[in-house]
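First the structure, in the form of structure tokens, and then the observations on it.
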Amino acid sequence: MKSIVVANWKMNPASFKEAKKLFEAAKKAAEKSPNVSLIVAPPAIFLRELAGGYRGKKLSFVVQNAHAEAKGAFTGEISIAQAHDAGASYVLVGHSERRAAGETNDDTRKKTSAAISARMTPILCIGEEKRAALGEHFSFVRDQLRAGFADVPPARVSRVIVAYEPVWAIGSETTMKPRDMHEMAIFIRKTIIDMYGEVGHAVRILYGAAVTDENAPAMMREGDVRGLLVGHVSTNAERFAALINSISKA
Ligand code: PGA
């Protein structure tokens, strides 16, 4: 089974020229790694040109955000259909930086189901802001999951990808312990199975936050995850190539 790696460039780099260079480097690294499937999340303004210039099958594209409505007076937004038309086949939903800017669980519900209806694959991002001694982070994550999945028809559940990203680790160099991720993966799966039954086993779970070439192999081995969502390291061509390489050898 291939490992999924999502490269979330966030609001980087500054020019299309740099984006193209970064993309070429990521593509090269992915092409050398038969057991890695790469999904690139460039800023939406670079998407069409990057996707249009790519002919292979090794990688695909994801938008960092899209609006749940199909069209209308939503200045500054892009729709899921527009993202699809530009070359994306995945939609990131509810990234913590979007949630920090005001996106709610109810928004993620609408976006996840809109992505499914548009035949796109939603990557639902969840994760607590801090860990609490009494385990409150589990109920926080459960609420995010229940809301995000609320309008997904049972027959489509296996299409959704869940990216668990502990917000307290995002942007740093240290991931949570793979053992703790393993525990969280079991909890996420159980929550989905409680909602939908056995089909919940098919949902792919990713880990994100502070993933580097040094910690990626252990997370893949011991974290009970299908792949990784990579932020800042994905905007450094050399470090990202080392990361892809480290997983393909693991
Ligand atoms: P990071 O970001 O890899 O820089 O921690 C991950 C994310 O926010 O998706």
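Residues in the structure tokens are named by chain (A, B, ... in the order shown) and by number from 1 within that chain; ligands are numbered from 1 in the order shown.
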9 Å contact set for Ala19 in chain A, only C-alpha atoms, chain neighbours under 4 positions out, as a PyMOL selection string: chain A and resi 12-15+23-24+42+46+50+235
Selection near range 197-210 of chain A, 7 Å with only C-alpha atoms, sequence-local residues under 6 positions removed, as a list in words: Val157, Ser158, Arg159, Val160, Ile161, Val162, Ala163, Tyr164, Glu165, Pro166, Ala169, Ile170, Gly171, Ser172, Glu173, Thr174, Thr175, Arg189, Val225, Arg226, Gly227, Leu228, Leu229 and Val230 of chain A
From A:Ser234, A:Ser139, A:Thr121, A:Thr112, residue lying nearest Ala41 in chain A [only C-alpha atoms]: A:Ser234
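For the pair CA of Ser246 in chain A and CA of Asp180 in chain A, the separation is 21.1 Å.
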Nearest to ligand 1 by atom-to-atom distance, counting only C-alpha atoms and all ligand atoms, from A:Arg142, A:Arg179, A:Arg239, A:Lys2: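 Among A:Arg142, A:Arg179, A:Arg239, A:Lys2, it is A:Arg239 that comes nearest to ligand 1.
Of note, CA of Val5 in chain A and CA of Asp194 in chain A are spaced 27.5 Å apart.
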Shell of 10 Å around Glu103 in chain A, only C-alpha atoms, local chain residues under 6 positions omitted, as a list of chain:residue names: A:Val93, A:Gly94, A:His95, A:Ser96, A:Glu97
Would you mind exporting the chosen residues as a CSV table (one decimal), in the first residue's frame, restricted to all heavy atoms?
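Saved to selection39.csv:
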```csv
chain,number,residue,atom,x,y,z
A,93,VAL,N,-10.0,20.4,4.1
A,93,VAL,CA,-11.2,21.0,4.8
A,93,VAL,C,-10.8,21.2,6.3
A,93,VAL,O,-10.3,20.3,6.9
A,93,VAL,CB,-12.4,20.1,4.7
A,93,VAL,CG1,-13.5,20.6,5.6
A,93,VAL,CG2,-12.8,19.9,3.3
A,94,GLY,N,-11.0,22.5,6.7
A,94,GLY,CA,-10.8,22.7,8.2
A,94,GLY,C,-9.4,22.7,8.7
A,94,GLY,O,-9.2,22.3,9.8
A,95,HIS,N,-8.4,23.1,7.9
A,95,HIS,CA,-7.1,23.2,8.4
A,95,HIS,C,-7.1,24.1,9.6
A,95,HIS,O,-7.8,25.1,9.7
A,95,HIS,CB,-6.1,23.7,7.3
A,95,HIS,CG,-4.7,23.7,7.8
A,95,HIS,ND1,-4.1,24.7,8.5
A,95,HIS,CD2,-3.7,22.7,7.6
A,95,HIS,CE1,-2.9,24.3,8.8
A,95,HIS,NE2,-2.6,23.2,8.2
A,96,SER,N,-6.2,23.8,10.6
A,96,SER,CA,-6.3,24.6,11.8
A,96,SER,C,-6.1,26.1,11.6
A,96,SER,O,-6.6,26.9,12.3
A,96,SER,CB,-5.2,24.1,12.8
A,96,SER,OG,-3.9,24.4,12.3
A,97,GLU,N,-5.3,26.4,10.5
A,97,GLU,CA,-5.1,27.9,10.3
A,97,GLU,C,-6.4,28.5,9.7
A,97,GLU,O,-6.6,29.7,9.9
A,97,GLU,CB,-3.9,28.1,9.4
A,97,GLU,CG,-2.6,27.9,10.1
A,97,GLU,CD,-1.5,27.2,9.4
A,97,GLU,OE1,-1.5,27.3,8.1
A,97,GLU,OE2,-0.6,26.6,10.0
```
Residues within 12 Å of Ile116 in chain A, only C-alpha atoms, excluding chain neighbours under 6 positions, as a list in words: Ala68, Ile80, Ala81, Ser89, Tyr90, Val91, Val93, Arg109, Lys110, Pro122, Ile123, Leu124, Gly148, Phe149, Asp151, Val152, Pro153, Pro154, Ala155, Arg156, Val157, Ser158, Arg159, Val160 and Ile161 of chain A
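Of the listed residues A:Glu129, A:Ser3, A:Trp9, A:Ala83, the one whose atoms come nearest to Ala216 in chain A is A:Ser3, with distances taken using only C-alpha atoms.
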Could you give me the residues within range 9-61 of chain A that DSSP places in helix (DSSP H, G or I), as a PDB file with N, CA and C atoms, in the first residue's frame?
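selection_3.pdb written:
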```pdb
ATOM      1  N   PHE A  16       5.643  32.605  -8.866  1.00  0.00           N
ATOM      2  CA  PHE A  16       5.372  31.375  -9.594  1.00  0.00           C
ATOM      3  C   PHE A  16       6.667  30.677  -9.994  1.00  0.00           C
ATOM      4  N   LYS A  17       7.677  31.494 -10.298  1.00  0.00           N
ATOM      5  CA  LYS A  17       8.971  30.923 -10.674  1.00  0.00           C
ATOM      6  C   LYS A  17       9.511  30.001  -9.561  1.00  0.00           C
ATOM      7  N   GLU A  18       9.437  30.483  -8.338  1.00  0.00           N
ATOM      8  CA  GLU A  18       9.904  29.657  -7.208  1.00  0.00           C
ATOM      9  C   GLU A  18       8.996  28.443  -7.003  1.00  0.00           C
ATOM     10  N   ALA A  19       7.705  28.658  -7.213  1.00  0.00           N
ATOM     11  CA  ALA A  19       6.757  27.548  -7.040  1.00  0.00           C
ATOM     12  C   ALA A  19       7.078  26.432  -8.023  1.00  0.00           C
ATOM     13  N   LYS A  20       7.415  26.816  -9.237  1.00  0.00           N
ATOM     14  CA  LYS A  20       7.708  25.840 -10.271  1.00  0.00           C
ATOM     15  C   LYS A  20       8.958  25.031  -9.906  1.00  0.00           C
ATOM     16  N   LYS A  21       9.953  25.738  -9.372  1.00  0.00           N
ATOM     17  CA  LYS A  21      11.182  25.057  -8.959  1.00  0.00           C
ATOM     18  C   LYS A  21      10.924  24.062  -7.831  1.00  0.00           C
ATOM     19  N   LEU A  22      10.145  24.516  -6.877  1.00  0.00           N
ATOM     20  CA  LEU A  22       9.799  23.661  -5.736  1.00  0.00           C
ATOM     21  C   LEU A  22       9.013  22.435  -6.212  1.00  0.00           C
ATOM     22  N   PHE A  23       8.107  22.675  -7.142  1.00  0.00           N
ATOM     23  CA  PHE A  23       7.281  21.601  -7.677  1.00  0.00           C
ATOM     24  C   PHE A  23       8.147  20.576  -8.413  1.00  0.00           C
ATOM     25  N   GLU A  24       9.069  21.063  -9.246  1.00  0.00           N
ATOM     26  CA  GLU A  24       9.943  20.156 -10.003  1.00  0.00           C
ATOM     27  C   GLU A  24      10.751  19.268  -9.048  1.00  0.00           C
ATOM     28  N   ALA A  25      11.242  19.867  -7.966  1.00  0.00           N
ATOM     29  CA  ALA A  25      12.044  19.104  -7.004  1.00  0.00           C
ATOM     30  C   ALA A  25      11.184  18.053  -6.301  1.00  0.00           C
ATOM     31  N   ALA A  26       9.969  18.436  -5.936  1.00  0.00           N
ATOM     32  CA  ALA A  26       9.076  17.494  -5.251  1.00  0.00           C
ATOM     33  C   ALA A  26       8.703  16.347  -6.185  1.00  0.00           C
ATOM     34  N   LYS A  27       8.450  16.709  -7.430  1.00  0.00           N
ATOM     35  CA  LYS A  27       8.073  15.704  -8.434  1.00  0.00           C
ATOM     36  C   LYS A  27       9.210  14.689  -8.628  1.00  0.00           C
ATOM     37  N   LYS A  28      10.415  15.210  -8.724  1.00  0.00           N
ATOM     38  CA  LYS A  28      11.572  14.335  -8.915  1.00  0.00           C
ATOM     39  C   LYS A  28      11.712  13.358  -7.742  1.00  0.00           C
ATOM     40  N   ALA A  29      11.577  13.891  -6.551  1.00  0.00           N
ATOM     41  CA  ALA A  29      11.697  13.037  -5.360  1.00  0.00           C
ATOM     42  C   ALA A  29      10.597  11.978  -5.361  1.00  0.00           C
ATOM     43  N   ALA A  30       9.377  12.370  -5.731  1.00  0.00           N
ATOM     44  CA  ALA A  30       8.253  11.432  -5.724  1.00  0.00           C
ATOM     45  C   ALA A  30       8.443  10.356  -6.784  1.00  0.00           C
ATOM     46  N   GLU A  31       8.955  10.765  -7.934  1.00  0.00           N
ATOM     47  CA  GLU A  31       9.121   9.789  -9.011  1.00  0.00           C
ATOM     48  C   GLU A  31      10.140   8.705  -8.673  1.00  0.00           C
ATOM     49  N   ALA A  44      -3.707  28.532  -4.349  1.00  0.00           N
ATOM     50  CA  ALA A  44      -4.659  28.310  -5.447  1.00  0.00           C
ATOM     51  C   ALA A  44      -4.267  29.065  -6.719  1.00  0.00           C
ATOM     52  N   ILE A  45      -3.622  30.210  -6.556  1.00  0.00           N
ATOM     53  CA  ILE A  45      -3.291  31.020  -7.725  1.00  0.00           C
ATOM     54  C   ILE A  45      -2.234  30.346  -8.616  1.00  0.00           C
ATOM     55  N   PHE A  46      -1.495  29.399  -8.064  1.00  0.00           N
ATOM     56  CA  PHE A  46      -0.487  28.670  -8.857  1.00  0.00           C
ATOM     57  C   PHE A  46      -1.007  27.332  -9.375  1.00  0.00           C
ATOM     58  N   LEU A  47      -2.193  26.951  -8.946  1.00  0.00           N
ATOM     59  CA  LEU A  47      -2.664  25.586  -9.187  1.00  0.00           C
ATOM     60  C   LEU A  47      -2.799  25.228 -10.669  1.00  0.00           C
ATOM     61  N   ARG A  48      -3.527  26.061 -11.417  1.00  0.00           N
ATOM     62  CA  ARG A  48      -3.826  25.680 -12.799  1.00  0.00           C
ATOM     63  C   ARG A  48      -2.550  25.491 -13.626  1.00  0.00           C
ATOM     64  N   GLU A  49      -1.615  26.400 -13.438  1.00  0.00           N
ATOM     65  CA  GLU A  49      -0.420  26.319 -14.260  1.00  0.00           C
ATOM     66  C   GLU A  49       0.451  25.116 -13.870  1.00  0.00           C
ATOM     67  N   LEU A  50       0.539  24.846 -12.585  1.00  0.00           N
ATOM     68  CA  LEU A  50       1.329  23.675 -12.162  1.00  0.00           C
ATOM     69  C   LEU A  50       0.659  22.389 -12.633  1.00  0.00           C
ATOM     70  N   ALA A  51      -0.645  22.307 -12.413  1.00  0.00           N
ATOM     71  CA  ALA A  51      -1.369  21.080 -12.768  1.00  0.00           C
ATOM     72  C   ALA A  51      -1.409  20.903 -14.286  1.00  0.00           C
ATOM     73  N   GLY A  52      -1.593  22.008 -15.006  1.00  0.00           N
ATOM     74  CA  GLY A  52      -1.688  21.936 -16.459  1.00  0.00           C
ATOM     75  C   GLY A  52      -0.379  21.479 -17.097  1.00  0.00           C
TER      76      GLY A  52
END
```
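Counting only C-alpha atoms and all ligand atoms and comparing A:Met219, A:Val141, A:Ala118, A:Val167, the residue that lies closest to ligand 1 is A:Val167.
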All strand (DSSP E) positions in range 125-164 of chain A, as JSON, numbers by chain: {"A": [125, 126, 161, 162, 163, 164]}
Put those residues in a file: N, CA and C atoms, as a tab-separated table (two decimals), in the first residue's frame.
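Wrote it out as out.tsv, contents follow:
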```tsv
chain	number	residue	atom	x	y	z
A	125	CYS	N	-9.28	18.03	8.19
A	125	CYS	CA	-8.23	18.26	9.19
A	125	CYS	C	-8.86	18.48	10.56
A	126	ILE	N	-8.34	17.74	11.53
A	126	ILE	CA	-8.84	17.85	12.90
A	126	ILE	C	-7.65	17.91	13.84
A	161	ILE	N	-10.61	11.37	3.70
A	161	ILE	CA	-9.32	11.19	4.37
A	161	ILE	C	-9.33	12.09	5.60
A	162	VAL	N	-8.89	11.55	6.73
A	162	VAL	CA	-8.81	12.36	7.95
A	162	VAL	C	-7.34	12.69	8.23
A	163	ALA	N	-7.03	13.98	8.39
A	163	ALA	CA	-5.67	14.37	8.77
A	163	ALA	C	-5.71	14.87	10.20
A	164	TYR	N	-5.10	14.10	11.09
A	164	TYR	CA	-5.03	14.53	12.48
A	164	TYR	C	-3.78	15.38	12.66
```
Nearest to ligand 1 by atom-to-atom distance, counting only C-alpha atoms and all ligand atoms, from A:Ala185, A:Val211, A:Ile4, A:Ala218: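 Among A:Ala185, A:Val211, A:Ile4, A:Ala218, it is A:Val211 that comes nearest to ligand 1.
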Separation of CA of Thr75 in chain A from CA of Val63 in chain A in Å: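 Rounded to one decimal, the two atoms are 17.3 Å apart.
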